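Visitor: Input file: run.cif. Contents: mmCIF, C-alpha atoms and all ligand atoms.
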data_protein
loop_
_atom_site.label_atom_id
_atom_site.label_comp_id
_atom_site.auth_asym_id
_atom_site.auth_seq_id
_atom_site.Cartn_x
_atom_site.Cartn_y
_atom_site.Cartn_z
CA MET U 16 -45.28 24.64 107.47
CA ARG U 17 -43.68 27.37 105.37
CA THR U 18 -40.26 27.91 103.81
CA GLN U 19 -38.82 30.16 101.12
CA VAL U 20 -37.73 27.47 98.62
CA VAL U 21 -38.98 23.88 98.41
CA ILE U 22 -36.44 21.62 96.69
CA ILE U 23 -37.82 18.36 95.30
CA GLY U 24 -35.01 15.79 95.13
CA SER U 25 -31.91 15.08 97.21
CA GLY U 26 -29.55 14.29 94.35
CA PRO U 27 -26.53 16.47 93.56
CA ALA U 28 -28.67 19.30 92.11
CA GLY U 29 -31.02 19.51 95.09
CA LEU U 30 -28.29 19.17 97.70
CA LEU U 31 -25.98 21.70 96.01
CA LEU U 32 -28.77 24.26 95.60
CA GLY U 33 -29.95 23.64 99.16
CA GLN U 34 -26.49 24.23 100.60
CA LEU U 35 -25.88 27.44 98.65
CA LEU U 36 -29.30 28.75 99.74
CA THR U 37 -28.70 27.80 103.36
CA ASN U 38 -25.29 29.50 103.34
CA ALA U 39 -27.01 32.62 101.96
CA GLY U 40 -29.62 32.56 104.73
CA ILE U 41 -32.45 31.55 102.39
CA ASP U 42 -34.70 28.96 104.06
CA ASN U 43 -35.25 25.77 102.12
CA VAL U 44 -36.56 22.24 102.62
CA ILE U 45 -35.57 19.19 100.55
CA LEU U 46 -38.18 16.50 99.89
CA GLU U 47 -36.79 13.14 98.76
CA ARG U 48 -38.68 10.02 97.67
CA VAL U 49 -36.13 7.44 98.82
CA SER U 50 -33.83 7.01 101.81
CA GLN U 51 -30.44 8.66 102.19
CA ASP U 52 -28.77 5.26 101.90
CA TYR U 53 -30.62 4.55 98.66
CA VAL U 54 -29.42 7.85 97.18
CA LEU U 55 -25.87 7.06 98.28
CA GLY U 56 -26.16 3.55 96.82
CA ARG U 57 -26.45 4.87 93.27
CA ILE U 58 -23.25 4.58 91.22
CA ARG U 59 -23.27 7.33 88.59
CA ALA U 60 -20.97 10.06 87.37
CA GLY U 61 -17.25 10.27 87.94
CA VAL U 62 -15.84 13.41 86.30
CA LEU U 63 -16.19 16.96 87.71
CA GLU U 64 -15.59 20.10 85.68
CA GLU U 65 -13.75 22.91 87.48
CA GLY U 66 -17.09 24.79 87.66
CA MET U 67 -18.69 21.97 89.65
CA ALA U 68 -15.63 21.66 91.89
CA GLY U 69 -15.74 25.40 92.52
CA LEU U 70 -19.40 25.21 93.49
CA LEU U 71 -18.64 22.44 95.98
CA ASP U 72 -15.98 24.72 97.50
CA GLU U 73 -18.47 27.61 97.62
CA ALA U 74 -21.01 25.35 99.30
CA GLY U 75 -18.40 24.46 101.93
CA ALA U 76 -18.42 20.82 100.80
CA GLY U 77 -15.26 20.68 98.71
CA GLU U 78 -12.59 19.78 101.27
CA ARG U 79 -12.60 15.96 100.75
CA MET U 80 -12.97 16.34 96.97
CA ARG U 81 -9.83 18.54 96.94
CA ARG U 82 -8.02 15.99 99.14
CA GLU U 83 -9.14 12.72 97.54
CA GLY U 84 -10.23 13.80 94.04
CA LEU U 85 -7.83 12.98 91.20
CA PRO U 86 -6.97 15.95 88.93
CA HIS U 87 -6.72 14.69 85.34
CA ASP U 88 -4.86 16.71 82.69
CA GLY U 89 -5.80 14.49 79.78
CA PHE U 90 -7.40 11.28 78.57
CA ASP U 91 -6.73 8.66 75.90
CA LEU U 92 -8.72 7.95 72.76
CA THR U 93 -7.98 4.51 71.30
CA PHE U 94 -9.02 3.34 67.85
CA SER U 95 -7.48 1.05 65.20
CA GLY U 96 -5.26 -0.39 67.95
CA LYS U 97 -3.60 2.97 68.67
CA HIS U 98 -3.58 5.32 71.66
CA HIS U 99 -4.00 9.09 71.20
CA ARG U 100 -3.78 11.36 74.22
CA ILE U 101 -6.01 14.44 74.37
CA ASP U 102 -3.94 16.93 76.36
CA LEU U 103 -6.73 18.75 78.18
CA HIS U 104 -4.46 21.00 80.24
CA GLY U 105 -2.03 21.70 77.41
CA LEU U 106 -4.88 22.66 75.08
CA THR U 107 -7.10 24.58 77.52
CA GLY U 108 -5.10 25.34 80.67
CA LYS U 109 -7.78 23.46 82.62
CA HIS U 110 -8.23 19.97 84.03
CA VAL U 111 -11.08 17.81 85.33
CA ILE U 112 -11.31 16.10 88.70
CA VAL U 113 -12.18 12.41 88.94
CA TYR U 114 -14.35 12.08 92.04
CA GLY U 115 -17.49 9.92 92.17
CA GLN U 116 -20.96 11.45 92.28
CA THR U 117 -21.66 9.22 95.26
CA GLU U 118 -18.92 11.05 97.19
CA VAL U 119 -20.20 14.44 96.01
CA THR U 120 -23.62 13.50 97.34
CA ARG U 121 -22.20 12.23 100.61
CA ASP U 122 -20.19 15.42 101.18
CA LEU U 123 -23.22 17.60 100.47
CA MET U 124 -25.44 15.52 102.77
CA ASP U 125 -22.86 15.80 105.56
CA ARG U 126 -22.58 19.58 105.04
CA ARG U 127 -26.35 19.97 105.10
CA ALA U 128 -26.65 17.97 108.31
CA ALA U 129 -23.90 20.05 109.91
CA ALA U 130 -25.69 23.25 108.88
CA GLY U 131 -29.01 22.00 110.25
CA GLY U 132 -30.66 21.92 106.83
CA ILE U 133 -34.07 20.20 106.68
CA SER U 134 -34.28 17.17 104.37
CA ILE U 135 -37.31 14.91 104.59
CA TYR U 136 -36.59 11.46 103.16
CA GLU U 137 -38.91 8.66 102.10
CA VAL U 138 -41.79 10.96 101.26
CA ALA U 139 -44.52 10.01 98.78
CA ASP U 140 -47.10 11.71 96.55
CA VAL U 141 -45.06 14.88 96.07
CA HIS U 142 -47.01 17.41 93.99
CA PRO U 143 -46.20 21.06 93.20
CA HIS U 144 -49.23 23.41 93.21
CA ASP U 145 -50.13 26.98 92.22
CA PHE U 146 -46.68 27.76 90.87
CA ASP U 147 -48.34 29.99 88.23
CA GLY U 148 -49.32 32.37 91.03
CA GLU U 149 -47.56 34.18 93.84
CA ARG U 150 -48.23 31.55 96.52
CA PRO U 151 -47.05 28.13 95.38
CA TYR U 152 -47.07 25.13 97.66
CA VAL U 153 -46.08 21.47 97.62
CA THR U 154 -48.07 18.59 99.07
CA TYR U 155 -46.58 15.27 100.08
CA SER U 156 -47.18 12.39 102.42
CA LYS U 157 -44.87 10.96 105.02
CA ASP U 158 -45.69 7.79 107.00
CA GLY U 159 -49.24 8.03 105.70
CA VAL U 160 -49.75 11.61 106.90
CA GLU U 161 -50.51 14.32 104.33
CA HIS U 162 -48.47 17.54 104.53
CA ARG U 163 -48.46 20.92 102.82
CA LEU U 164 -45.41 23.14 102.44
CA ASP U 165 -46.13 26.76 101.47
CA CYS U 166 -43.23 28.56 99.81
CA ASP U 167 -42.07 31.32 97.47
CA PHE U 168 -40.41 29.04 94.90
CA ILE U 169 -40.18 25.35 93.95
CA ALA U 170 -36.93 23.88 92.58
CA GLY U 171 -37.65 20.68 90.65
CA CYS U 172 -34.39 18.79 91.24
CA ASP U 173 -36.20 15.46 90.97
CA GLY U 174 -34.45 13.88 88.02
CA TYR U 175 -35.76 12.49 84.76
CA HIS U 176 -38.66 10.58 86.32
CA GLY U 177 -39.72 13.10 88.95
CA PRO U 178 -43.06 14.95 89.37
CA SER U 179 -41.86 18.47 88.51
CA ARG U 180 -41.68 18.09 84.73
CA LYS U 181 -44.88 16.02 84.80
CA ALA U 182 -46.61 18.93 86.59
CA VAL U 183 -45.91 21.27 83.65
CA GLU U 184 -46.91 18.94 80.81
CA GLY U 185 -49.55 20.72 78.76
CA LYS U 186 -48.45 24.12 80.11
CA GLY U 187 -46.28 25.07 77.15
CA LEU U 188 -43.64 22.39 77.75
CA GLU U 189 -41.76 21.33 74.60
CA THR U 190 -39.42 18.33 74.64
CA PHE U 191 -36.59 17.23 72.35
CA GLU U 192 -35.28 13.67 72.47
CA ARG U 193 -33.00 11.15 70.86
CA VAL U 194 -32.82 7.60 72.23
CA TYR U 195 -29.67 5.65 71.33
CA PRO U 196 -29.89 2.03 70.07
CA PHE U 197 -27.59 0.69 72.79
CA GLY U 198 -26.80 0.96 76.51
CA TRP U 199 -23.76 0.99 78.78
CA LEU U 200 -22.96 -1.98 80.96
CA GLY U 201 -20.90 -0.62 83.83
CA ILE U 202 -19.01 -2.31 86.64
CA VAL U 203 -17.14 -1.16 89.71
CA ALA U 204 -14.28 -3.34 90.97
CA ASP U 205 -11.69 -2.86 93.70
CA VAL U 206 -8.76 -3.27 91.33
CA PRO U 207 -6.20 -0.64 90.32
CA PRO U 208 -7.21 1.25 87.14
CA VAL U 209 -5.48 0.06 83.97
CA SER U 210 -4.21 3.58 83.34
CA HIS U 211 -3.74 6.76 85.42
CA GLU U 212 -6.03 8.56 82.94
CA LEU U 213 -9.37 7.65 81.34
CA ILE U 214 -9.41 5.64 78.11
CA TYR U 215 -12.27 6.06 75.61
CA SER U 216 -12.20 3.27 73.02
CA ASN U 217 -13.82 3.11 69.58
CA HIS U 218 -13.73 -0.54 68.52
CA PRO U 219 -15.54 -2.68 65.90
CA ARG U 220 -17.02 -4.70 68.80
CA GLY U 221 -18.34 -1.51 70.40
CA PHE U 222 -17.42 1.37 72.68
CA ALA U 223 -15.52 0.86 75.93
CA LEU U 224 -14.48 3.25 78.69
CA CYS U 225 -11.85 2.73 81.37
CA SER U 226 -12.43 5.08 84.29
CA MET U 227 -11.83 5.01 88.02
CA ARG U 228 -12.95 6.18 91.45
CA SER U 229 -9.52 6.06 93.13
CA ALA U 230 -6.07 4.48 92.70
CA THR U 231 -7.55 1.22 93.98
CA ARG U 232 -11.10 1.28 92.57
CA SER U 233 -11.89 1.03 88.84
CA ARG U 234 -15.05 1.96 86.93
CA TYR U 235 -15.37 0.30 83.51
CA TYR U 236 -18.08 0.37 80.83
CA VAL U 237 -18.81 -1.48 77.59
CA GLN U 238 -21.47 -0.62 75.03
CA CYS U 239 -24.15 -3.31 75.07
CA ALA U 240 -27.41 -4.09 73.29
CA LEU U 241 -30.52 -2.25 74.46
CA ASP U 242 -32.20 -5.54 75.38
CA ASP U 243 -29.10 -6.88 77.14
CA ARG U 244 -29.49 -8.06 80.72
CA VAL U 245 -26.99 -7.80 83.59
CA GLU U 246 -27.65 -11.46 84.43
CA ALA U 247 -26.18 -12.44 81.05
CA TRP U 248 -22.84 -10.84 82.01
CA SER U 249 -20.61 -12.81 84.36
CA ASP U 250 -17.54 -10.95 85.60
CA ASP U 251 -15.35 -13.15 83.37
CA ARG U 252 -17.44 -12.30 80.32
CA PHE U 253 -17.18 -8.60 81.12
CA TRP U 254 -13.41 -8.67 81.59
CA ASP U 255 -12.92 -10.65 78.35
CA GLU U 256 -15.14 -8.23 76.44
CA ILE U 257 -13.59 -4.98 77.65
CA ARG U 258 -10.08 -6.32 77.05
CA SER U 259 -11.09 -7.33 73.51
CA ARG U 260 -12.00 -3.65 72.85
CA LEU U 261 -8.64 -2.21 73.95
CA PRO U 262 -5.16 -2.17 72.38
CA ALA U 263 -3.30 -5.40 73.20
CA GLU U 264 -0.78 -3.87 75.59
CA THR U 265 -3.56 -2.19 77.55
CA ALA U 266 -5.64 -5.37 77.72
CA GLU U 267 -2.63 -7.31 79.00
CA ALA U 268 -1.98 -4.70 81.70
CA MET U 269 -5.58 -4.75 83.01
CA THR U 270 -6.05 -6.08 86.54
CA THR U 271 -9.34 -7.95 86.84
CA GLY U 272 -11.32 -8.94 89.91
CA PRO U 273 -14.83 -9.40 91.31
CA SER U 274 -17.35 -6.65 90.51
CA ILE U 275 -18.93 -4.88 93.48
CA GLU U 276 -21.53 -3.21 91.27
CA LYS U 277 -22.84 -4.07 87.83
CA SER U 278 -25.67 -2.31 85.98
CA ILE U 279 -26.93 -1.33 82.55
CA ALA U 280 -27.92 2.30 81.82
CA PRO U 281 -29.85 3.36 78.72
CA LEU U 282 -28.55 6.34 76.73
CA ARG U 283 -30.65 9.27 75.64
CA SER U 284 -30.39 12.94 74.75
CA PHE U 285 -33.32 14.92 76.15
CA VAL U 286 -34.17 18.58 76.72
CA ALA U 287 -37.30 20.17 78.12
CA GLU U 288 -38.06 23.78 77.25
CA PRO U 289 -38.56 26.11 78.98
CA LEU U 290 -37.00 25.32 82.38
CA ARG U 291 -39.15 27.82 84.24
CA PHE U 292 -42.90 27.84 84.79
CA GLY U 293 -43.89 30.74 87.03
CA ARG U 294 -42.36 29.92 90.39
CA LEU U 295 -41.36 26.36 89.48
CA PHE U 296 -37.90 25.69 88.01
CA LEU U 297 -36.59 22.51 86.36
CA VAL U 298 -33.00 21.84 87.42
CA GLY U 299 -30.51 19.14 86.34
CA ASP U 300 -31.86 15.84 85.06
CA ALA U 301 -35.43 17.06 85.61
CA GLY U 302 -34.83 19.36 82.64
CA HIS U 303 -32.29 17.53 80.50
CA ILE U 304 -30.42 14.26 79.99
CA VAL U 305 -27.20 13.61 78.09
CA PRO U 306 -25.56 10.29 77.14
CA PRO U 307 -22.72 9.87 79.70
CA THR U 308 -20.08 9.75 76.94
CA GLY U 309 -19.08 13.37 77.49
CA ALA U 310 -19.33 13.23 81.31
CA LYS U 311 -21.73 16.19 81.27
CA GLY U 312 -24.85 15.10 83.18
CA LEU U 313 -23.73 15.93 86.69
CA ASN U 314 -21.85 19.01 85.47
CA LEU U 315 -24.92 20.46 83.74
CA ALA U 316 -26.85 20.07 86.99
CA ALA U 317 -24.13 22.23 88.56
CA SER U 318 -24.43 25.08 86.05
CA ASP U 319 -28.22 25.05 86.37
CA VAL U 320 -27.76 25.38 90.13
CA ARG U 321 -25.34 28.27 89.67
CA TYR U 322 -27.82 30.19 87.56
CA LEU U 323 -30.83 29.48 89.77
CA PHE U 324 -29.02 30.20 93.03
CA ASP U 325 -27.75 33.53 91.66
CA ALA U 326 -31.29 34.39 90.53
CA LEU U 327 -32.90 33.53 93.88
CA GLN U 328 -30.20 35.37 95.83
CA GLU U 329 -30.79 38.45 93.66
CA TYR U 330 -34.55 38.17 94.20
CA TYR U 331 -34.29 38.09 97.99
CA ALA U 332 -31.42 40.56 98.29
CA GLU U 333 -32.48 43.12 95.67
CA GLN U 334 -36.18 42.32 95.06
CA SER U 335 -35.21 41.88 91.42
CA ALA U 336 -36.76 39.19 89.21
CA ALA U 337 -34.24 39.71 86.39
CA GLY U 338 -32.27 36.55 87.18
CA ILE U 339 -35.40 34.49 87.64
CA ASP U 340 -36.79 35.74 84.35
CA GLY U 341 -33.50 34.89 82.63
CA TYR U 342 -32.88 31.48 84.24
CA SER U 343 -34.34 29.28 81.54
CA ALA U 344 -32.66 30.95 78.55
CA ARG U 345 -29.33 31.18 80.38
CA ALA U 346 -29.38 27.54 81.47
CA LEU U 347 -30.59 26.22 78.11
CA ALA U 348 -27.83 28.05 76.23
CA ARG U 349 -25.22 25.97 78.11
CA VAL U 350 -27.38 22.82 78.14
CA TRP U 351 -27.69 22.71 74.34
CA LYS U 352 -23.94 23.12 73.84
CA ALA U 353 -23.34 20.18 76.17
CA GLU U 354 -26.12 18.21 74.44
CA ARG U 355 -24.36 18.80 71.12
CA PHE U 356 -20.99 17.73 72.49
CA SER U 357 -22.37 14.61 74.19
CA TRP U 358 -24.31 13.64 71.05
CA TRP U 359 -21.23 14.17 68.88
CA MET U 360 -18.93 12.20 71.21
CA THR U 361 -21.48 9.36 71.37
CA ASN U 362 -21.80 9.26 67.58
CA THR U 363 -18.02 9.31 67.13
CA LEU U 364 -17.19 6.55 69.60
CA HIS U 365 -20.03 4.01 69.42
CA ARG U 366 -20.99 1.34 66.89
CA PHE U 367 -24.48 1.99 65.50
CA PRO U 368 -26.45 -0.95 64.08
CA ASP U 369 -27.31 0.97 60.90
CA MET U 370 -24.05 2.86 60.38
CA GLY U 371 -22.90 0.74 57.42
CA ALA U 372 -19.52 0.82 55.70
CA PHE U 373 -19.83 4.52 54.82
CA GLY U 374 -20.66 5.45 58.40
CA GLN U 375 -17.70 3.48 59.66
CA ARG U 376 -15.33 5.28 57.30
CA ILE U 377 -16.75 8.63 58.38
CA GLN U 378 -16.11 7.70 62.02
CA GLU U 379 -12.55 6.70 61.19
CA ALA U 380 -11.99 9.97 59.31
CA GLU U 381 -13.47 11.92 62.24
CA LEU U 382 -11.10 10.24 64.70
CA GLU U 383 -8.06 10.67 62.45
CA TYR U 384 -8.87 14.37 61.97
CA LEU U 385 -9.61 14.81 65.68
CA THR U 386 -6.27 13.37 66.78
CA GLY U 387 -4.27 14.92 63.92
CA SER U 388 -5.50 18.50 64.22
CA ARG U 389 -4.70 20.79 67.14
CA ALA U 390 -7.80 22.83 66.33
CA ALA U 391 -10.05 19.75 66.43
CA SER U 392 -8.43 18.43 69.63
CA THR U 393 -8.78 21.87 71.21
CA SER U 394 -12.49 21.89 70.40
CA LEU U 395 -12.91 18.49 72.04
CA ALA U 396 -10.81 19.53 75.03
CA GLU U 397 -12.63 22.80 75.72
CA ASN U 398 -15.99 21.03 75.67
CA TYR U 399 -14.74 18.17 77.85
CA VAL U 400 -13.28 20.44 80.58
CA GLY U 401 -16.53 22.43 80.42
CA LEU U 402 -17.54 25.55 78.53
CA PRO U 403 -17.76 28.78 80.57
CA TYR U 404 -20.83 29.31 82.77
P1 LIG D 501 -30.74 12.84 90.18
O1 LIG D 501 -31.57 11.89 89.35
O2 LIG D 501 -29.38 12.47 90.61
O3 LIG D 501 -31.54 13.17 91.54
C1 LIG D 501 -32.93 13.35 91.54
C2 LIG D 501 -33.44 12.98 92.91
O4 LIG D 501 -34.86 13.23 92.95
C3 LIG D 501 -33.24 11.50 93.23
O5 LIG D 501 -32.63 11.35 94.49
C4 LIG D 501 -34.66 10.93 93.21
O6 LIG D 501 -34.86 9.88 94.14
C5 LIG D 501 -35.47 12.16 93.61
N1 LIG D 501 -36.88 12.04 93.21
C6 LIG D 501 -37.37 11.50 92.08
N2 LIG D 501 -38.73 11.52 92.11
C7 LIG D 501 -39.09 12.09 93.30
C8 LIG D 501 -40.32 12.37 93.93
N3 LIG D 501 -41.48 12.03 93.35
N4 LIG D 501 -40.31 12.96 95.14
C9 LIG D 501 -39.14 13.29 95.74
N5 LIG D 501 -37.93 13.03 95.21
C10 LIG D 501 -37.91 12.44 94.00
N6 LIG D 501 -23.56 11.53 84.45
C11 LIG D 501 -22.26 11.64 84.16
O7 LIG D 501 -21.77 12.78 84.02
N7 LIG D 501 -21.46 10.51 84.04
C12 LIG D 501 -21.98 9.24 84.21
O8 LIG D 501 -21.27 8.24 84.10
C13 LIG D 501 -23.35 9.09 84.52
N8 LIG D 501 -23.89 7.84 84.73
C14 LIG D 501 -25.24 7.73 85.00
C15 LIG D 501 -25.85 6.48 85.21
C16 LIG D 501 -27.22 6.37 85.45
C17 LIG D 501 -27.87 5.00 85.66
C18 LIG D 501 -28.01 7.53 85.51
C19 LIG D 501 -29.52 7.43 85.75
C20 LIG D 501 -27.43 8.79 85.32
C21 LIG D 501 -26.04 8.90 85.07
N9 LIG D 501 -25.42 10.14 84.89
C22 LIG D 501 -24.10 10.27 84.61
C23 LIG D 501 -26.17 11.33 84.99
C24 LIG D 501 -26.29 11.66 86.45
O9 LIG D 501 -25.03 11.75 87.03
C25 LIG D 501 -27.12 12.90 86.55
O10 LIG D 501 -26.70 13.88 85.62
C26 LIG D 501 -27.11 13.50 87.94
O11 LIG D 501 -27.53 12.51 88.84
C27 LIG D 501 -28.02 14.72 87.92
O12 LIG D 501 -28.32 15.05 89.22
P2 LIG D 501 -29.80 15.51 89.61
O13 LIG D 501 -30.29 16.47 88.61
O14 LIG D 501 -29.71 15.88 91.04
O15 LIG D 501 -30.75 14.22 89.40
C1 LIG D 502 -17.32 7.48 85.18
O1 LIG D 502 -16.21 7.46 85.78
O2 LIG D 502 -18.35 6.96 85.66
C2 LIG D 502 -17.42 8.17 83.85
C3 LIG D 502 -16.33 8.90 83.38
C4 LIG D 502 -16.42 9.53 82.14
C5 LIG D 502 -17.59 9.41 81.40
C6 LIG D 502 -18.68 8.68 81.88
C7 LIG D 502 -18.59 8.05 83.11
O3 LIG D 502 -17.67 10.02 80.19
#
Can you dump the structure from the file as structure tokens?
Ligand code: FAS
Ligand code: PHB
Guide:
Amino acid sequence: MRTQVVIIGSGPAGLLLGQLLTNAGIDNVILERVSQDYVLGRIRAGVLEEGMAGLLDEAGAGERMRREGLPHDGFDLTFSGKHHRIDLHGLTGKHVIVYGQTEVTRDLMDRRAAAGGISIYEVADVHPHDFDGERPYVTYSKDGVEHRLDCDFIAGCDGYHGPSRKAVEGKGLETFERVYPFGWLGIVADVPPVSHELIYSNHPRGFALCSMRSATRSRYYVQCALDDRVEAWSDDRFWDEIRSRLPAETAEAMTTGPSIEKSIAPLRSFVAEPLRFGRLFLVGDAGHIVPPTGAKGLNLAASDVRYLFDALQEYYAEQSAAGIDGYSARALARVWKAERFSWWMTNTLHRFPDMGAFGQRIQEAELEYLTGSRAASTSLAENYVGLPY
């Protein structure tokens, strides 16, 4: 079998790239390790930058997001028992849209099915080959039968643990990493959010985040120990803990209820360089990871897709390799700015075991300056809504 672009991974990066390519008449096949339901069962990101929302529109998959997504013009920072609103729209003229990654993925899957796009789920042993040459191919097995897909290009949209980055280890790959000494315990509950906007809390007991998926479904997180286990967290314990990390009036206003999802995610900053190896490209989490504090992970996958789609379209339409040659540097320029922002926001809002009294005072000074200076708030706001592509 032959296609123009093989996409490894049916997460947001793979599905978004696949839809843009299909709309442009560029043949592509998506290979995915797990089932569609398993992909849709993952609870992940919740905040879309305008760039991501625009790409969903361009892919023809933005209608429900525009109808059901919640435009947010600001968010709250709480520390020392006080609320401080960061006026995203007032400071930047932009907003973000709260709309779950699960729904983004569902909309893209539906659009791909409607367009007759080929996605092969529950494959195994996916391996990219000969991407240093002009005739790359991918092998995989499905129901015990080996297959080979010849192609022009391979898009590694297979996330942090996928085979694409592994295939380029020892081929000039350089990685940069910081692992944080804590995780996020997150729950989803069908209760109304405590506030109409997100609340990021810096508290002596640890970081907390109040987010949402809709006016009736809340998404909450608390910082937890790296070796913490979900089993050790009853719903009651979670609700007591998150309310202890919020200003009193907010805690009192919080509606609690049974969790419908509860999980712990580790936090890391990670970048692989370069993001292009011949005819293989690393896209989204396959190439970089950010701590979710800045809500950048999903949105960085979107800007990678923008750059790679533009490059592939130029290659097929104009027989020019300029975009392809420039993909890695262009994507990494935006990736590192988001890595910086996510690292900074994580350091400013979390309790670190070794921060000490000096570190705590520095954090307090950072937050006071941030909320007392229009210039500092504007810097936070322009990074949060998303720097230009
Ligand atoms: P994804 O990991 O979403 O998709 C990769 C796909 O490749 C998966 O479907 C996987 O099954 C598939 N794959 C892997 N190996 C394969 C193989 N061998 N063969 C075929 N397919 C293979 N970001 C935020 O902005 N906010 C958040 O709150 C947030 N929370 C997160 C929580 C968790 C637990 C995780 C892991 C990530 C979170 N993220 C968050 C980041 C997340 O949203 C990613 O940035 C986003 O999923 C990136 O999309 P993709 O690059 O498509 O990678
Ligand atoms: C979420 O709603 O899951 C979410 C929102 C903002 C973040 C991280 C996660 O920074």
Visitor: Taking all atoms listed in the file into account, which residues are within 10 Å of ligand LIG 502 (chain D), as a ChimeraX atom specification?
Guide: /U:58-63,90,113-116,199,201-203,213-215,224-228,233-236,306-312,357,360-361,399
Visitor: For the residues in that selection, give me C-alpha atoms as a compact mmCIF listing (two decimals), keeping the file's coordinate frame.
Guide:
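Generated output (result-v9.txt):
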# COMPACT_ATOMS: atom_id res chain seq x y z
CA ILE U 58 -23.25 4.58 91.22
CA ARG U 59 -23.27 7.33 88.59
CA ALA U 60 -20.97 10.06 87.37
CA GLY U 61 -17.25 10.27 87.94
CA VAL U 62 -15.84 13.41 86.30
CA LEU U 63 -16.19 16.96 87.71
CA PHE U 90 -7.40 11.28 78.57
CA VAL U 113 -12.18 12.41 88.94
CA TYR U 114 -14.35 12.08 92.04
CA GLY U 115 -17.49 9.92 92.17
CA GLN U 116 -20.96 11.45 92.28
CA TRP U 199 -23.76 0.99 78.78
CA GLY U 201 -20.90 -0.62 83.83
CA ILE U 202 -19.01 -2.31 86.64
CA VAL U 203 -17.14 -1.16 89.71
CA LEU U 213 -9.37 7.65 81.34
CA ILE U 214 -9.41 5.64 78.11
CA TYR U 215 -12.27 6.06 75.61
CA LEU U 224 -14.48 3.25 78.69
CA CYS U 225 -11.85 2.73 81.37
CA SER U 226 -12.43 5.08 84.29
CA MET U 227 -11.83 5.01 88.02
CA ARG U 228 -12.95 6.18 91.45
CA SER U 233 -11.89 1.03 88.84
CA ARG U 234 -15.05 1.96 86.93
CA TYR U 235 -15.37 0.30 83.51
CA TYR U 236 -18.08 0.37 80.83
CA PRO U 306 -25.56 10.29 77.14
CA PRO U 307 -22.72 9.87 79.70
CA THR U 308 -20.08 9.75 76.94
CA GLY U 309 -19.08 13.37 77.49
CA ALA U 310 -19.33 13.23 81.31
CA LYS U 311 -21.73 16.19 81.27
CA GLY U 312 -24.85 15.10 83.18
CA SER U 357 -22.37 14.61 74.19
CA MET U 360 -18.93 12.20 71.21
CA THR U 361 -21.48 9.36 71.37
CA TYR U 399 -14.74 18.17 77.85
Visitor: Taking all atoms listed in the file into account, which residues have an atom no farther than 8 Å from ligand LIG 501 (chain D)? I'd like them as a compact mmCIF listing (two decimals) with C-alpha atoms, in the coordinates of the input.
Guide:
# COMPACT_ATOMS: atom_id res chain seq x y z
CA ILE U 23 -37.82 18.36 95.30
CA GLY U 24 -35.01 15.79 95.13
CA SER U 25 -31.91 15.08 97.21
CA GLY U 26 -29.55 14.29 94.35
CA PRO U 27 -26.53 16.47 93.56
CA ALA U 28 -28.67 19.30 92.11
CA GLY U 29 -31.02 19.51 95.09
CA LEU U 30 -28.29 19.17 97.70
CA LEU U 46 -38.18 16.50 99.89
CA GLU U 47 -36.79 13.14 98.76
CA ARG U 48 -38.68 10.02 97.67
CA VAL U 49 -36.13 7.44 98.82
CA VAL U 54 -29.42 7.85 97.18
CA ARG U 57 -26.45 4.87 93.27
CA ILE U 58 -23.25 4.58 91.22
CA ARG U 59 -23.27 7.33 88.59
CA ALA U 60 -20.97 10.06 87.37
CA GLY U 61 -17.25 10.27 87.94
CA VAL U 62 -15.84 13.41 86.30
CA LEU U 63 -16.19 16.96 87.71
CA GLN U 116 -20.96 11.45 92.28
CA GLU U 137 -38.91 8.66 102.10
CA VAL U 138 -41.79 10.96 101.26
CA ALA U 139 -44.52 10.01 98.78
CA ASP U 140 -47.10 11.71 96.55
CA VAL U 141 -45.06 14.88 96.07
CA HIS U 142 -47.01 17.41 93.99
CA CYS U 172 -34.39 18.79 91.24
CA ASP U 173 -36.20 15.46 90.97
CA GLY U 174 -34.45 13.88 88.02
CA TYR U 175 -35.76 12.49 84.76
CA HIS U 176 -38.66 10.58 86.32
CA GLY U 177 -39.72 13.10 88.95
CA PRO U 178 -43.06 14.95 89.37
CA SER U 278 -25.67 -2.31 85.98
CA ILE U 279 -26.93 -1.33 82.55
CA ALA U 280 -27.92 2.30 81.82
CA PRO U 281 -29.85 3.36 78.72
CA VAL U 298 -33.00 21.84 87.42
CA GLY U 299 -30.51 19.14 86.34
CA ASP U 300 -31.86 15.84 85.06
CA ALA U 301 -35.43 17.06 85.61
CA ILE U 304 -30.42 14.26 79.99
CA VAL U 305 -27.20 13.61 78.09
CA PRO U 306 -25.56 10.29 77.14
CA PRO U 307 -22.72 9.87 79.70
CA THR U 308 -20.08 9.75 76.94
CA GLY U 309 -19.08 13.37 77.49
CA ALA U 310 -19.33 13.23 81.31
CA LYS U 311 -21.73 16.19 81.27
CA GLY U 312 -24.85 15.10 83.18
CA LEU U 313 -23.73 15.93 86.69
CA ASN U 314 -21.85 19.01 85.47
CA LEU U 315 -24.92 20.46 83.74
CA ALA U 316 -26.85 20.07 86.99
Visitor: Between U:Arg389, U:Arg79, U:Arg291, U:Arg150, single out the one closest to Tyr342 in chain U, counting all atoms listed in the file.
Guide: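 Ranking U:Arg389, U:Arg79, U:Arg291, U:Arg150 by distance to Tyr342 in chain U, first place goes to U:Arg291.
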Visitor: For Pro403 in chain U, which residue out of U:Met269, U:Ala348, U:Ile41, U:Met80 is the nearest one, using all atoms listed in the file?
Guide: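 Using all atoms listed in the file, Pro403 in chain U sits closest to U:Ala348.
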